[in-house]
Amino acid sequence: MIKFDAVSKNYPNGTTAVDALSLELAEGGITVLVGPSGCGKTTTLRMVNRMVEPSAGTVSLRGRDIREVAAPELRRGIGYVIQHAGLFPHRTILDNVATVPLLLGWGRKKARKRAAELLELVGLPATMAKRYPYQLSGGQQQRVGVARALGADPPVLLMDEPFSAVDPIVRGELQAEFLRLQKELHKTIVFVTHDIDEAIKLGDNIAVFRTGGRLAQFDTPERLLAHPADDFVAGFVGQDRGIRRLSFVQASGLPLREGPVLPVTASVAAARALDEPWVLAVDAARRPLGWAAVAGLPVGGTLADVQLAPLGHTFSLAGDSARAALDAALLSPSRLAVGVDAEGAVAGVADAYELSAAMTETTTVTPATADTPATADAAVAPGATPGAAEAGEPAGEPGEPGEPGNRPVDGGAGAGGPRVTGPAGAKGGEGR
Amino acid sequence: MRDGEPLVRWVWIGDHLGELAHYTGVHLRLGLLPVLFGLIISVPLGMLCHRWRWVYPPTLTAANVLYSIPSLALFMIFVRYTGLTERTVMIPLTLYTLSVLVPNVVDGLASVPDPVRQAATAMGFGTVRRVVQVELPIAVPVVVAGVRVAAVSSISLVAVGQLIGQGGLGYYITRGLQLDFPTPIITATVLIMLLALATDALLVLAQRLLTPWARGKGAKA
Amino acid sequence: MNDLLNQLELVGDWLTSSQQWRGDDGIPHRLLEHLTYSGLSLLFAAVIGLALGLLVGHTGRGAFAVATLANLARAIPTFGLVVLVVTLAGLSTTPVLVALVALAVPPILINTFEGVHGVDPDTRDAAKGMGMTGWEVLLKVEVPMALPLILLGLRVAAIQVVATATVAAYPGLGGLGRFIVDGLSRNDYELVIGGSAVVVALALVVQAVFTALRRAVVSPGLRAAATKS
């Protein structure tokens, strides 16, 4: 889709922003360019829409050298989002979003209709349309920035640190929203950030740059965490990469045992008979109610008479990651993590030792992230707007393995063993 | 102009050095005292506008309206009260400076970073001490930028005062016209420009000495 | 206070006497002269100042020269310049108009430049990134965003021109300044104060015109942001 072939950018003062970069970005996926400041990641991004012209090498888009097209024309077909949104203060929100359609000569009415659809798509109320940028919060402005970039429904989106100027809570919201949008639109996205957590959360593929504009590693997030190419990458992804890697391991494959599970109607005597320090009370549908410490049980009666300790949180076999399972074990009063199936019924329990033993055996990984719970995605899909429907880029069909645009929504509870999806990085080693 | 008359008769300048120096002094007084008075009015007025924002728009409009009135007309209105005196020139010139100085005082105070203001309050500065010791010094570069504009304009406007007999070096401009003799006109015009530019340079220098922390940033005019 | 009323009465008497409204010495003729001088010179100055200001602001080339020129221009005593032009070129309108244009160009030029140059680089970057050509960036983004400053420059220039055109009566030109200068030489205070009143009225109209213009052409998105800062 987007191909860099031995691309360099040198400045007259002798600095090299990008050094002999060769990289091929897959269609329909999010590629994150990440690295410390001055590593050339923004320069690389800006070479795609000719905001920066390379000193050497060629950049091609769908097999065509981008220099064959006049720069303004090229840019109208590529969405562009920058850090502070760069909204036009003298135009209303609606007219900001209508900018590119108007440049393309759509006519005012059609352009505004399209803009209104896009505002809805990015989750802004229609009442905002008539406002001016200064009346919006930073997060809202950034949403407008994204909507504006989608104006002419471009197949490619360039995003230069789009979420880094907002506070962490808003950033989290914007990131989740962004992943939801991408699931609908299947754009080919190049995303620049200096934040490795954001890169891992959003990227189907990640290109780590080192200072001096050289590519250090190009890989899927899970492979980046599991096998950093060198000390620089290992240092950059951070010391807790072992834990973070668990985000990419599906909880569905973890071994669970039945353990001390009792219906809430069971007698105290039955609880004692299990000879466990804690018992888990469940209702008639096996939904977990809480923990009971056996040592503190009264002489007679049933578990229903007992004050239950709160569950902490459970993990879902139908979408959560191994990281969520481990966390559930660490926070549980009984030190046992409770796994539930898609209906919320207890599938079994495991402690941290059992979990970690299973995790170290797990060598296969999938590109699911723990941060996009299946429920959020499912809730949004029916709301697809006409704008999104038109956006049908020929990205992979849902379920097609190896297509980075598709995140497995359904972990397949009880399917046995972690689902293996071939890493999109078949070309993962390229440029190294 | 008479045929054969040169643009500048240097001899004339040599003959009038003492007189030129005298009128230069008068010119500086007429041009710069209004800036001083303007500053004395603008600082408290600007602080008021900064404290109560609703005061600002009407104040600014009033200052702008005063500024838009041609000096000749304003001199004539004041002649009735203050006669053909220096005051009649200086009062309108003082009023003119307000349209530059008041907004610059307000902008200067607005340029004080909020954390600085809060830190000062947290350290126990009272309102008055905080304004005098923290906020005004920080506002100095922006205020001086305004003073520079006001001083340059004021010095070049003084000459019009000659129409009521109080124009400093403007004396030579009317004199030259009456005698159809360009030398004094050119001399006075150039001298007034030099005075304005020298004053501007001195103000830049003064600001550098006054606010060593702002050096290199270059206050915007 | 009595005196103020007295003065207003003088103005009233002068304005209502019918001789002020006829002939070459009447208010309509003088006002027309004044408006012609001011309007023509402002028009020429606007063409020159806007073109140069947009060019320098858009390309960023020549910024230092523009700033220096504006500083120098402010230092020129307008009275001296007008009298000098009349002394050297004789009493005719064109040389004085040239001087007025020269005085009006710098404020338009510097403010247009500052307005265009001061456009947020992020906004300019976004405009280019969305596929605007250089002209489109200038006309759809930079000029609308610079309008508040461009209008300020035009207003300052207009004030300057109206005031200098008044002073130009001293070396013999027409316009509203005639009333004041003639009144002074004849010791006719009623004429002086009446003429001053008309000049003040004209200045207020100019001020009002620019306020209305600002309301009409500056985007609310910019107006609100400007009063906020």
# chains A, B, ... in the order shown; residues from 1 in each chain; ligands from 1
>>> residues_around(residues="Leu179 (chain B)", least_positions_apart="5", cutoff="12 Å", atoms="only C-alpha atoms", output="VMD selection string")
(chain B and resid 1 to 2 172 to 174 184 to 185) or (chain C and resid 87)
>>> write_last_selection(atoms="N, CA and C atoms", output="compact mmCIF listing (two decimals), in the first residue's frame")
# COMPACT_ATOMS: atom_id res chain seq x y z
N MET B 1 9.57 77.23 -4.49
CA MET B 1 10.99 77.40 -4.16
C MET B 1 11.66 78.24 -5.24
N ARG B 2 12.51 79.13 -4.80
CA ARG B 2 13.22 80.00 -5.77
C ARG B 2 14.18 79.17 -6.62
N TYR B 172 10.49 75.70 12.72
CA TYR B 172 11.26 75.83 11.49
C TYR B 172 10.47 75.41 10.26
N ILE B 173 9.46 74.58 10.49
CA ILE B 173 8.66 74.12 9.35
C ILE B 173 7.78 75.26 8.84
N THR B 174 7.10 75.94 9.76
CA THR B 174 6.26 77.07 9.33
C THR B 174 7.13 78.23 8.84
N PRO B 184 15.41 75.06 6.53
CA PRO B 184 14.91 74.82 7.90
C PRO B 184 13.88 73.71 7.94
N ILE B 185 13.06 73.56 6.89
CA ILE B 185 12.04 72.51 6.88
C ILE B 185 12.70 71.15 6.91
N THR C 87 6.61 72.99 -0.51
CA THR C 87 7.72 73.92 -0.76
C THR C 87 8.52 73.50 -1.99
>>> interface_residues(of="chain C", to="chain B", cutoff="7 Å", atoms="only C-alpha atoms", output="list of chain:residue names")
C:Arg74, C:Ala75, C:Ile76, C:Pro77, C:Phe79, C:Gly80, C:Val83, C:Leu84, C:Thr87, C:Leu88, C:Ile159, C:Ala163, C:Val167, C:Val192, C:Ile193, C:Ser196, C:Val199, C:Val200, C:Ala203, C:Leu204, C:Gln207
>>> closest_residue(among="C:Arg186, C:Arg215, C:His34, C:Arg223", to="chain A", atoms="only C-alpha atoms")
C:Arg223
>>> atom_distance(atom1="CA of Ala146 (chain C)", atom2="CA of Gly57 (chain C)")
10.0 Å
>>> atom_distance(atom1="CA of Leu72 (chain C)", atom2="CA of His58 (chain C)")
22.8 Å
